[in-house]
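J.: So that you have it, the file is protein.pdb, and it contains PDB, C-alpha atoms:
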ATOM      1  CA  MET J 169     244.221-158.408 104.502
ATOM      2  CA  ARG J 170     245.709-161.879 104.806
ATOM      3  CA  VAL J 171     248.689-162.492 107.042
ATOM      4  CA  ARG J 172     251.962-163.155 105.242
ATOM      5  CA  VAL J 173     254.289-165.956 106.343
ATOM      6  CA  LYS J 174     258.087-166.112 106.360
ATOM      7  CA  ILE J 175     259.801-169.399 107.157
ATOM      8  CA  CYS J 176     263.280-168.586 108.386
ATOM      9  CA  GLY J 177     266.469-170.531 108.957
ATOM     10  CA  ILE J 178     266.267-172.486 105.720
ATOM     11  CA  THR J 179     269.426-174.535 105.086
ATOM     12  CA  ARG J 180     268.295-177.016 102.404
ATOM     13  CA  ILE J 181     266.680-176.682  98.976
ATOM     14  CA  GLU J 182     264.051-179.291  99.832
ATOM     15  CA  ASP J 183     262.979-177.301 102.882
ATOM     16  CA  ALA J 184     262.739-174.117 100.843
ATOM     17  CA  LEU J 185     260.578-175.847  98.256
ATOM     18  CA  SER J 186     258.419-177.372 100.983
ATOM     19  CA  ALA J 187     257.860-173.909 102.445
ATOM     20  CA  VAL J 188     256.860-172.586  99.031
ATOM     21  CA  GLU J 189     254.628-175.581  98.317
ATOM     22  CA  HIS J 190     252.701-174.984 101.541
ATOM     23  CA  GLY J 191     252.169-171.300 100.765
ATOM     24  CA  ALA J 192     254.982-169.351 102.414
ATOM     25  CA  ASP J 193     255.432-165.827 101.072
ATOM     26  CA  ALA J 194     259.109-165.636 102.010
ATOM     27  CA  ILE J 195     262.019-167.749 103.152
ATOM     28  CA  GLY J 196     264.868-166.579 105.356
ATOM     29  CA  LEU J 197     268.571-167.367 104.975
ATOM     30  CA  VAL J 198     270.749-166.811 108.034
ATOM     31  CA  PHE J 199     274.234-165.356 107.446
ATOM     32  CA  TYR J 200     275.432-165.505 111.053
ATOM     33  CA  ASP J 201     278.096-168.026 111.935
ATOM     34  CA  GLN J 202     276.994-168.331 115.569
ATOM     35  CA  SER J 203     273.598-169.642 114.504
ATOM     36  CA  PRO J 204     272.930-173.382 114.022
ATOM     37  CA  ARG J 205     270.951-172.291 110.935
ATOM     38  CA  ASN J 206     273.861-170.435 109.351
ATOM     39  CA  VAL J 207     274.359-170.953 105.601
ATOM     40  CA  SER J 208     277.419-170.357 103.462
ATOM     41  CA  ILE J 209     277.211-168.086 100.440
ATOM     42  CA  SER J 210     277.375-171.105  98.138
ATOM     43  CA  GLN J 211     274.548-172.842 100.024
ATOM     44  CA  ALA J 212     272.476-169.671  99.879
ATOM     45  CA  MET J 213     273.076-169.238  96.160
ATOM     46  CA  GLU J 214     271.869-172.767  95.471
ATOM     47  CA  ILE J 215     268.725-172.306  97.569
ATOM     48  CA  ALA J 216     267.893-168.843  96.209
ATOM     49  CA  ASN J 217     268.338-169.994  92.618
ATOM     50  CA  ASN J 218     265.591-172.576  93.152
ATOM     51  CA  ILE J 219     262.975-170.203  94.560
ATOM     52  CA  PRO J 220     260.125-169.498  92.117
ATOM     53  CA  ALA J 221     258.675-166.109  91.232
ATOM     54  CA  PHE J 222     256.663-164.127  93.788
ATOM     55  CA  VAL J 223     258.385-165.692  96.810
ATOM     56  CA  SER J 224     260.784-163.345  98.596
ATOM     57  CA  VAL J 225     264.251-164.400  99.714
ATOM     58  CA  VAL J 226     265.387-162.614 102.875
ATOM     59  CA  GLY J 227     268.985-162.450 104.086
ATOM     60  CA  LEU J 228     269.453-162.212 107.862
ATOM     61  CA  PHE J 229     272.532-160.524 109.347
ATOM     62  CA  VAL J 230     273.727-159.798 112.897
ATOM     63  CA  ASN J 231     276.259-156.971 113.224
ATOM     64  CA  ALA J 232     277.943-158.134 110.023
ATOM     65  CA  GLU J 233     280.730-156.270 108.264
ATOM     66  CA  SER J 234     279.435-154.182 105.370
ATOM     67  CA  SER J 235     281.925-155.854 103.040
ATOM     68  CA  PHE J 236     280.414-159.258 103.844
ATOM     69  CA  ILE J 237     276.834-158.014 103.368
ATOM     70  CA  ASN J 238     277.765-156.505 100.020
ATOM     71  CA  GLU J 239     279.435-159.754  98.978
ATOM     72  CA  VAL J 240     276.277-161.699  99.821
ATOM     73  CA  ILE J 241     274.101-159.194  97.953
ATOM     74  CA  SER J 242     276.352-159.453  94.901
ATOM     75  CA  LYS J 243     276.174-163.265  94.777
ATOM     76  CA  VAL J 244     272.824-164.328  96.280
ATOM     77  CA  LYS J 245     269.459-163.384  94.764
ATOM     78  CA  LEU J 246     268.045-161.619  97.807
ATOM     79  CA  ASP J 247     264.935-159.450  97.814
ATOM     80  CA  LEU J 248     265.190-158.069 101.330
ATOM     81  CA  LEU J 249     267.689-157.680 104.170
ATOM     82  CA  GLN J 250     266.887-158.417 107.818
ATOM     83  CA  PHE J 251     269.072-156.906 110.528
ATOM     84  CA  HIS J 252     269.080-158.603 113.937
ATOM     85  CA  GLY J 253     271.915-156.799 115.681
ATOM     86  CA  ASP J 254     272.762-153.289 116.864
ATOM     87  CA  GLU J 255     272.770-151.791 113.371
ATOM     88  CA  THR J 256     271.873-148.118 113.145
ATOM     89  CA  PRO J 257     269.134-146.884 110.802
ATOM     90  CA  GLU J 258     271.849-145.360 108.623
ATOM     91  CA  GLU J 259     273.750-148.649 108.379
ATOM     92  CA  CYS J 260     270.617-150.577 107.494
ATOM     93  CA  ALA J 261     269.690-148.099 104.781
ATOM     94  CA  SER J 262     273.158-148.013 103.204
ATOM     95  CA  TYR J 263     272.655-151.066 100.982
ATOM     96  CA  THR J 264     271.030-151.511  97.596
ATOM     97  CA  LEU J 265     268.154-153.602  98.967
ATOM     98  CA  PRO J 266     265.243-152.678 101.247
ATOM     99  CA  PHE J 267     265.353-153.944 104.825
ATOM    100  CA  ILE J 268     263.396-154.937 107.889
ATOM    101  CA  LYS J 269     264.716-154.389 111.421
ATOM    102  CA  ALA J 270     264.378-157.005 114.123
ATOM    103  CA  ILE J 271     263.690-155.770 117.657
ATOM    104  CA  ARG J 272     264.072-158.076 120.659
ATOM    105  CA  VAL J 273     261.189-157.027 122.882
ATOM    106  CA  LYS J 274     261.344-156.771 126.680
ATOM    107  CA  ASN J 275     259.322-154.812 129.229
ATOM    108  CA  ASP J 276     261.070-151.475 128.722
ATOM    109  CA  THR J 277     261.401-151.628 124.912
ATOM    110  CA  ASN J 278     260.059-148.431 123.327
ATOM    111  CA  LEU J 279     258.622-149.748 120.073
ATOM    112  CA  VAL J 280     257.146-146.383 119.155
ATOM    113  CA  GLN J 281     260.661-144.906 119.262
ATOM    114  CA  TYR J 282     262.050-147.791 117.210
ATOM    115  CA  ALA J 283     259.329-147.282 114.609
ATOM    116  CA  ASN J 284     260.292-143.621 114.428
ATOM    117  CA  ASP J 285     264.050-144.276 114.293
ATOM    118  CA  PHE J 286     263.689-146.975 111.609
ATOM    119  CA  SER J 287     261.090-145.086 109.596
ATOM    120  CA  VAL J 288     262.620-146.232 106.285
ATOM    121  CA  ALA J 289     262.408-149.920 107.237
ATOM    122  CA  ARG J 290     259.768-151.919 105.376
ATOM    123  CA  ALA J 291     258.593-153.396 108.702
ATOM    124  CA  LEU J 292     259.681-154.135 112.257
ATOM    125  CA  LEU J 293     260.182-157.802 113.134
ATOM    126  CA  LEU J 294     259.388-158.292 116.814
ATOM    127  CA  ASP J 295     261.163-161.179 118.534
ATOM    128  CA  ALA J 296     261.649-162.374 122.099
ATOM    129  CA  TYR J 297     264.530-160.919 124.110
ATOM    130  CA  THR J 298     266.999-163.437 125.511
ATOM    131  CA  GLU J 299     270.255-162.197 127.025
ATOM    132  CA  GLY J 300     273.195-162.749 124.685
ATOM    133  CA  VAL J 301     271.177-164.417 121.921
ATOM    134  CA  ALA J 302     270.311-162.600 118.684
ATOM    135  CA  GLY J 303     267.152-164.596 117.960
ATOM    136  CA  GLY J 304     265.784-167.998 117.116
ATOM    137  CA  THR J 305     265.400-168.966 120.771
ATOM    138  CA  GLY J 306     261.909-170.442 120.481
ATOM    139  CA  HIS J 307     260.683-168.171 123.276
ATOM    140  CA  VAL J 308     257.424-166.209 123.165
ATOM    141  CA  PHE J 309     257.307-162.641 124.483
ATOM    142  CA  ASP J 310     254.342-160.772 125.977
ATOM    143  CA  TRP J 311     252.340-159.638 122.957
ATOM    144  CA  ASN J 312     250.637-157.025 125.134
ATOM    145  CA  LEU J 313     253.891-155.051 124.942
ATOM    146  CA  ILE J 314     253.115-154.219 121.303
ATOM    147  CA  PRO J 315     251.335-150.850 120.960
ATOM    148  CA  LYS J 316     248.049-151.119 119.079
ATOM    149  CA  GLN J 317     248.961-148.387 116.625
ATOM    150  CA  LEU J 318     252.539-148.512 115.381
ATOM    151  CA  THR J 319     253.605-146.491 112.354
ATOM    152  CA  LYS J 320     255.418-149.540 110.958
ATOM    153  CA  GLN J 321     253.960-152.863 109.941
ATOM    154  CA  VAL J 322     254.670-155.669 112.411
ATOM    155  CA  ILE J 323     256.186-159.047 111.579
ATOM    156  CA  LEU J 324     255.599-161.207 114.647
ATOM    157  CA  ALA J 325     258.284-163.746 115.588
ATOM    158  CA  GLY J 326     259.430-165.526 118.708
ATOM    159  CA  GLY J 327     258.359-169.034 119.642
ATOM    160  CA  LEU J 328     255.527-169.332 117.118
ATOM    161  CA  ASN J 329     254.247-172.775 116.171
ATOM    162  CA  ALA J 330     251.049-174.491 115.044
ATOM    163  CA  ASP J 331     249.706-174.441 118.620
ATOM    164  CA  ASN J 332     249.892-170.674 119.188
ATOM    165  CA  VAL J 333     250.036-168.874 115.838
ATOM    166  CA  ALA J 334     246.256-168.569 115.433
ATOM    167  CA  LEU J 335     245.989-166.918 118.860
ATOM    168  CA  ALA J 336     248.962-164.686 118.025
ATOM    169  CA  ILE J 337     247.288-163.480 114.846
ATOM    170  CA  GLN J 338     243.994-162.908 116.652
ATOM    171  CA  GLN J 339     245.645-160.891 119.416
ATOM    172  CA  VAL J 340     248.315-158.943 117.520
ATOM    173  CA  ASN J 341     246.863-158.729 113.987
ATOM    174  CA  PRO J 342     250.371-158.577 112.474
ATOM    175  CA  TYR J 343     251.182-157.913 108.843
ATOM    176  CA  ALA J 344     253.180-161.165 108.834
ATOM    177  CA  VAL J 345     254.408-163.976 111.051
ATOM    178  CA  ASP J 346     257.905-165.430 111.063
ATOM    179  CA  VAL J 347     258.641-168.997 112.130
ATOM    180  CA  SER J 348     261.843-171.011 112.362
ATOM    181  CA  GLY J 349     262.184-173.482 115.226
ATOM    182  CA  GLY J 350     258.440-174.044 115.377
ATOM    183  CA  VAL J 351     258.495-175.955 112.080
ATOM    184  CA  GLU J 352     261.730-177.908 112.563
ATOM    185  CA  ALA J 353     262.663-181.538 113.070
ATOM    186  CA  SER J 354     266.020-180.302 114.401
ATOM    187  CA  LYS J 355     267.846-176.975 114.250
ATOM    188  CA  GLY J 356     268.128-175.974 110.610
ATOM    189  CA  ILE J 357     266.183-178.982 109.328
ATOM    190  CA  LYS J 358     262.523-178.255 108.592
ATOM    191  CA  ASP J 359     259.639-180.691 108.993
ATOM    192  CA  ALA J 360     257.152-180.623 106.098
ATOM    193  CA  GLU J 361     254.276-181.794 108.301
ATOM    194  CA  LYS J 362     254.971-179.065 110.855
ATOM    195  CA  ILE J 363     255.095-176.478 108.056
ATOM    196  CA  ALA J 364     251.741-177.717 106.755
ATOM    197  CA  ALA J 365     250.197-177.652 110.248
ATOM    198  CA  PHE J 366     251.507-174.133 110.855
ATOM    199  CA  MET J 367     250.100-172.851 107.568
ATOM    200  CA  ARG J 368     246.706-174.429 108.292
ATOM    201  CA  GLN J 369     246.529-172.513 111.568
ATOM    202  CA  VAL J 370     247.522-169.246 109.909
ATOM    203  CA  TYR J 371     244.797-169.508 107.295
ATOM    204  CA  LYS J 372     242.039-171.395 109.112
TER     205      LYS J 372
END
Could you show the structure in this file as C-alpha coordinates?

T.:
Amino acid sequence: MRVRVKICGITRIEDALSAVEHGADAIGLVFYDQSPRNVSISQAMEIANNIPAFVSVVGLFVNAESSFINEVISKVKLDLLQFHGDETPEECASYTLPFIKAIRVKNDTNLVQYANDFSVARALLLDAYTEGVAGGTGHVFDWNLIPKQLTKQVILAGGLNADNVALAIQQVNPYAVDVSGGVEASKGIKDAEKIAAFMRQVYK
(Lines of atoms letter the chains of each structure in order from A and count residues from 1; the text may use other names and numbers.)
(Lines give C-alpha, C1' and ligand atoms only; values in the text may rest on other atoms or scores of the structure.)
Protein backbone atom coordinates (compact mmCIF):
# COMPACT_ATOMS: atom_id res chain seq x y z
CA MET A 1 0.00 0.00 0.00
CA ARG A 2 1.43 3.39 -0.93
CA VAL A 3 2.37 5.86 1.76
CA ARG A 4 0.08 8.87 2.07
CA VAL A 5 1.48 12.39 2.48
CA LYS A 6 0.16 15.33 4.49
CA ILE A 7 1.79 18.72 4.09
CA CYS A 8 1.05 20.70 7.23
CA GLY A 9 1.28 24.33 8.25
CA ILE A 10 -0.19 25.70 5.04
CA THR A 11 -0.83 29.46 5.24
CA ARG A 12 -1.26 30.43 1.57
CA ILE A 13 -3.50 29.24 -1.26
CA GLU A 14 -0.54 28.94 -3.64
CA ASP A 15 1.24 26.62 -1.22
CA ALA A 16 -1.86 24.47 -0.84
CA LEU A 17 -2.21 24.18 -4.60
CA SER A 18 1.49 23.39 -4.95
CA ALA A 19 1.10 20.58 -2.42
CA VAL A 20 -1.86 19.19 -4.35
CA GLU A 21 -0.08 19.55 -7.69
CA HIS A 22 2.85 17.50 -6.42
CA GLY A 23 0.60 14.72 -5.14
CA ALA A 24 -0.14 15.42 -1.48
CA ASP A 25 -3.13 13.52 -0.10
CA ALA A 26 -3.86 16.07 2.61
CA ILE A 27 -2.99 19.57 3.75
CA GLY A 28 -2.92 20.77 7.34
CA LEU A 29 -4.20 24.09 8.70
CA VAL A 30 -2.90 25.14 12.11
CA PHE A 31 -5.39 26.82 14.47
CA TYR A 32 -2.94 27.56 17.29
CA ASP A 33 -1.98 31.16 17.90
CA GLN A 34 1.42 30.29 19.38
CA SER A 35 2.51 28.69 16.12
CA PRO A 36 4.26 30.70 13.36
CA ARG A 37 2.04 28.71 10.97
CA ASN A 38 -1.21 29.77 12.62
CA VAL A 39 -4.06 30.74 10.27
CA SER A 40 -7.17 32.78 10.96
CA ILE A 41 -10.59 31.33 10.24
CA SER A 42 -10.94 33.61 7.21
CA GLN A 43 -7.54 32.51 5.86
CA ALA A 44 -8.47 28.88 6.40
CA MET A 45 -11.82 29.29 4.66
CA GLU A 46 -10.13 30.77 1.60
CA ILE A 47 -7.56 27.97 1.43
CA ALA A 48 -10.05 25.16 2.06
CA ASN A 49 -12.44 26.50 -0.57
CA ASN A 50 -9.70 26.11 -3.19
CA ILE A 51 -8.82 22.49 -2.43
CA PRO A 52 -10.02 20.07 -5.13
CA ALA A 53 -11.87 16.80 -4.58
CA PHE A 54 -10.12 13.81 -3.00
CA VAL A 55 -7.62 15.93 -1.05
CA SER A 56 -8.30 16.05 2.69
CA VAL A 57 -8.19 19.26 4.71
CA VAL A 58 -7.04 18.71 8.29
CA GLY A 59 -7.52 21.21 11.12
CA LEU A 60 -4.86 21.14 13.85
CA PHE A 61 -5.70 22.22 17.41
CA VAL A 62 -3.74 22.39 20.68
CA ASN A 63 -5.84 22.39 23.85
CA ALA A 64 -8.38 24.64 22.14
CA GLU A 65 -11.73 25.61 23.62
CA SER A 66 -14.55 23.46 22.28
CA SER A 67 -16.46 26.59 21.27
CA PHE A 68 -13.56 27.65 19.04
CA ILE A 69 -13.23 24.19 17.46
CA ASN A 70 -16.94 24.12 16.74
CA GLU A 71 -16.75 27.58 15.20
CA VAL A 72 -13.94 26.45 12.90
CA ILE A 73 -15.84 23.30 11.94
CA SER A 74 -18.93 25.36 11.14
CA LYS A 75 -17.05 27.76 8.84
CA VAL A 76 -14.09 25.85 7.33
CA LYS A 77 -14.50 22.82 5.07
CA LEU A 78 -12.48 20.39 7.16
CA ASP A 79 -12.41 16.63 6.66
CA LEU A 80 -10.45 15.66 9.76
CA LEU A 81 -9.36 17.08 13.12
CA GLN A 82 -5.85 16.72 14.53
CA PHE A 83 -5.30 17.16 18.26
CA HIS A 84 -1.79 18.06 19.44
CA GLY A 85 -2.39 18.86 23.08
CA ASP A 86 -3.55 17.10 26.24
CA GLU A 87 -7.03 16.35 24.91
CA THR A 88 -8.72 13.27 26.33
CA PRO A 89 -10.14 10.57 24.05
CA GLU A 90 -13.62 11.74 25.04
CA GLU A 91 -12.87 15.35 24.10
CA CYS A 92 -11.42 14.35 20.75
CA ALA A 93 -14.44 12.20 19.94
CA SER A 94 -17.01 14.84 20.92
CA TYR A 95 -17.02 16.64 17.56
CA THR A 96 -18.84 15.95 14.31
CA LEU A 97 -15.64 15.09 12.41
CA PRO A 98 -13.24 12.15 12.74
CA PHE A 99 -9.86 12.82 14.32
CA ILE A 100 -6.24 11.80 14.59
CA LYS A 101 -4.25 12.18 17.82
CA ALA A 102 -0.70 13.48 17.85
CA ILE A 103 1.69 11.90 20.36
CA ARG A 104 5.05 13.51 21.15
CA VAL A 105 7.34 10.50 21.53
CA LYS A 106 10.11 10.19 24.12
CA ASN A 107 11.87 7.21 25.68
CA ASP A 108 9.15 6.35 28.19
CA THR A 109 6.13 6.96 25.92
CA ASN A 110 3.79 3.95 25.98
CA LEU A 111 2.44 3.97 22.43
CA VAL A 112 0.59 0.71 22.92
CA GLN A 113 -1.38 2.35 25.75
CA TYR A 114 -2.05 5.43 23.63
CA ALA A 115 -3.32 3.24 20.80
CA ASN A 116 -5.66 1.56 23.26
CA ASP A 117 -6.84 4.81 24.88
CA PHE A 118 -7.44 6.50 21.51
CA SER A 119 -8.99 3.45 19.88
CA VAL A 120 -11.57 5.58 18.02
CA ALA A 121 -8.90 7.79 16.44
CA ARG A 122 -8.36 7.27 12.72
CA ALA A 123 -4.59 7.14 13.31
CA LEU A 124 -1.85 8.20 15.71
CA LEU A 125 0.49 10.94 14.49
CA LEU A 126 3.90 10.41 16.06
CA ASP A 127 6.04 13.53 16.50
CA ALA A 128 9.24 14.44 18.31
CA TYR A 129 9.00 15.49 21.96
CA THR A 130 10.44 18.90 22.78
CA GLU A 131 9.79 20.41 26.21
CA GLY A 132 7.15 23.14 26.07
CA VAL A 133 6.58 22.92 22.31
CA ALA A 134 3.46 21.29 20.83
CA GLY A 135 5.07 20.30 17.53
CA GLY A 136 6.63 21.59 14.36
CA THR A 137 10.11 21.69 15.88
CA GLY A 138 11.93 20.07 12.95
CA HIS A 139 13.43 17.46 15.28
CA VAL A 140 13.57 13.74 14.51
CA PHE A 141 12.85 11.20 17.26
CA ASP A 142 14.18 7.65 17.60
CA TRP A 143 12.00 5.61 15.25
CA ASN A 144 13.02 2.46 17.12
CA LEU A 145 10.67 3.60 19.89
CA ILE A 146 7.70 2.72 17.67
CA PRO A 147 6.40 -0.81 18.36
CA LYS A 148 6.29 -2.96 15.23
CA GLN A 149 2.67 -3.91 15.73
CA LEU A 150 0.42 -1.07 16.86
CA THR A 151 -3.35 -1.40 16.69
CA LYS A 152 -3.58 2.06 15.12
CA GLN A 153 -2.16 3.24 11.83
CA VAL A 154 0.91 5.46 12.19
CA ILE A 155 1.39 8.88 10.63
CA LEU A 156 5.09 9.66 11.00
CA ALA A 157 6.10 13.28 11.65
CA GLY A 158 9.00 15.09 13.23
CA GLY A 159 11.89 16.55 11.26
CA LEU A 160 11.12 14.80 7.97
CA ASN A 161 12.59 16.19 4.76
CA ALA A 162 13.76 15.01 1.34
CA ASP A 163 17.03 13.73 2.85
CA ASN A 164 15.51 11.34 5.40
CA VAL A 165 11.94 10.48 4.41
CA ALA A 166 12.88 7.49 2.24
CA LEU A 167 14.82 5.96 5.15
CA ALA A 168 11.94 6.76 7.51
CA ILE A 169 9.48 4.93 5.29
CA GLN A 170 11.83 1.97 4.91
CA GLN A 171 12.36 1.68 8.67
CA VAL A 172 8.90 2.52 10.04
CA ASN A 173 6.58 1.53 7.17
CA PRO A 174 4.02 4.16 8.24
CA TYR A 175 0.55 4.58 6.80
CA ALA A 176 1.43 8.22 6.09
CA VAL A 177 4.11 10.84 6.57
CA ASP A 178 3.55 14.42 7.69
CA VAL A 179 5.90 17.25 6.77
CA SER A 180 5.90 20.96 7.55
CA GLY A 181 9.25 22.65 8.14
CA GLY A 182 11.05 20.21 5.86
CA VAL A 183 9.41 21.74 2.78
CA GLU A 184 9.56 25.42 3.77
CA ALA A 185 11.44 28.48 2.57
CA SER A 186 10.60 30.08 5.94
CA LYS A 187 8.14 29.26 8.70
CA GLY A 188 4.69 29.06 7.16
CA ILE A 189 5.92 29.68 3.61
CA LYS A 190 6.34 26.51 1.54
CA ASP A 191 8.95 25.94 -1.15
CA ALA A 192 7.59 24.24 -4.28
CA GLU A 193 10.96 22.71 -5.15
CA LYS A 194 11.33 21.25 -1.66
CA ILE A 195 7.80 19.82 -1.88
CA ALA A 196 8.65 18.23 -5.23
CA ALA A 197 11.92 16.79 -3.87
CA PHE A 198 10.14 15.40 -0.81
CA MET A 199 7.46 13.73 -2.91
CA ARG A 200 10.08 12.18 -5.21
CA GLN A 201 11.74 10.56 -2.21
CA VAL A 202 8.43 9.26 -0.87
CA TYR A 203 7.54 7.57 -4.14
CA LYS A 204 10.93 6.64 -5.58

J.: Given the PyMOL selection byres ((chain J and resi 309) around 10) and the file above, list the residues it selects as JSON, numbers by chain.

T.: {"J": [272, 273, 274, 275, 294, 295, 296, 297, 298, 306, 307, 308, 310, 311, 312, 313, 314, 325, 326, 327]}

J.: Compare J:Tyr200, J:Phe229, J:Phe236, J:Phe366 by their minimum atom-to-atom distance to Ala334 (chain J), counting all atoms listed in the file, and give me the closest one.

T.: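 Comparing J:Tyr200, J:Phe229, J:Phe236, J:Phe366 against Ala334 (chain J), the winner is J:Phe366.
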
J.: Quick one: of J:Asp285, J:Val351, J:Lys358, J:Asp276, who's nearest to Glu255 (chain J), counting only C-alpha atoms?

T.: J:Asp285

J.: In Å, rounded to a single decimal, give me how far CA of Asn329 (chain J) is from CA of Asn231 (chain J).

T.: 27.3 Å

J.: Quick check on the file I pasted: which residues fall under the PyMOL selection byres ((chain J and resi 361-365) around 6)? Write them as a list in words.

T.: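 In the shown coordinates, the PyMOL selection byres ((chain J and resi 361-365) around 6) covers His190, Ala330, Val351, Asp359, Ala360, Phe366, Met367 and Arg368 of chain J.
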
J.: Which one is closest to Asn278 (chain J): J:Leu318, J:Ile219, J:Leu246, J:Val240? Count all atoms listed in the file.

T.: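 So, comparing all the options, the nearest one is J:Leu318.
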
J.: So that I can check the surroundings of Ala261 (chain J), please list as a PDB file with C-alpha atoms, in the coordinates of the input every protein, DNA and RNA residue that reaches within 12 Å of it, counting all atoms listed in the file and ignoring chain neighbours fewer than 3 positions away.

T.:
ATOM      1  CA  SER J 234     279.435-154.182 105.370  1.00  0.00           C
ATOM      2  CA  LEU J 248     265.190-158.069 101.330  1.00  0.00           C
ATOM      3  CA  LEU J 249     267.689-157.680 104.170  1.00  0.00           C
ATOM      4  CA  GLN J 250     266.887-158.417 107.818  1.00  0.00           C
ATOM      5  CA  PHE J 251     269.072-156.906 110.528  1.00  0.00           C
ATOM      6  CA  GLU J 255     272.770-151.791 113.371  1.00  0.00           C
ATOM      7  CA  THR J 256     271.873-148.118 113.145  1.00  0.00           C
ATOM      8  CA  PRO J 257     269.134-146.884 110.802  1.00  0.00           C
ATOM      9  CA  GLU J 258     271.849-145.360 108.623  1.00  0.00           C
ATOM     10  CA  THR J 264     271.030-151.511  97.596  1.00  0.00           C
ATOM     11  CA  LEU J 265     268.154-153.602  98.967  1.00  0.00           C
ATOM     12  CA  PRO J 266     265.243-152.678 101.247  1.00  0.00           C
ATOM     13  CA  PHE J 267     265.353-153.944 104.825  1.00  0.00           C
ATOM     14  CA  ILE J 268     263.396-154.937 107.889  1.00  0.00           C
ATOM     15  CA  LYS J 269     264.716-154.389 111.421  1.00  0.00           C
ATOM     16  CA  ASP J 285     264.050-144.276 114.293  1.00  0.00           C
ATOM     17  CA  PHE J 286     263.689-146.975 111.609  1.00  0.00           C
ATOM     18  CA  SER J 287     261.090-145.086 109.596  1.00  0.00           C
ATOM     19  CA  VAL J 288     262.620-146.232 106.285  1.00  0.00           C
ATOM     20  CA  ALA J 289     262.408-149.920 107.237  1.00  0.00           C
ATOM     21  CA  ARG J 290     259.768-151.919 105.376  1.00  0.00           C
TER      22      ARG J 290
END

J.: Give me, please, the distance in Å between CA of Pro204 (chain J) and CA of Thr179 (chain J), quoted to one decimal.

T.: 9.7 Å

J.: Could you expand the PyMOL selection byres ((chain J and resi 210) around 12) into the explicit residues it covers here, written as a VMD selection string?

T.: chain J and resid 179 to 180 197 199 206 to 209 211 to 217 239 to 240 243 to 245

J.: Nearest to Val171 (chain J) among J:Gly191, J:Val230, J:Ile237, J:Asn332, with distances taken over only C-alpha atoms: which residue is it?

T.: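 Nearest candidate to Val171 (chain J) out of J:Gly191, J:Val230, J:Ile237, J:Asn332: J:Gly191.
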
J.: Using all atoms listed in the file, which residue out of J:Ala192, J:Ala283, J:Val345, J:Ala187 lies closest to Gln317 (chain J)?

T.: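 Going through J:Ala192, J:Ala283, J:Val345, J:Ala187 one by one, the smallest distance to Gln317 (chain J) is for J:Ala283.
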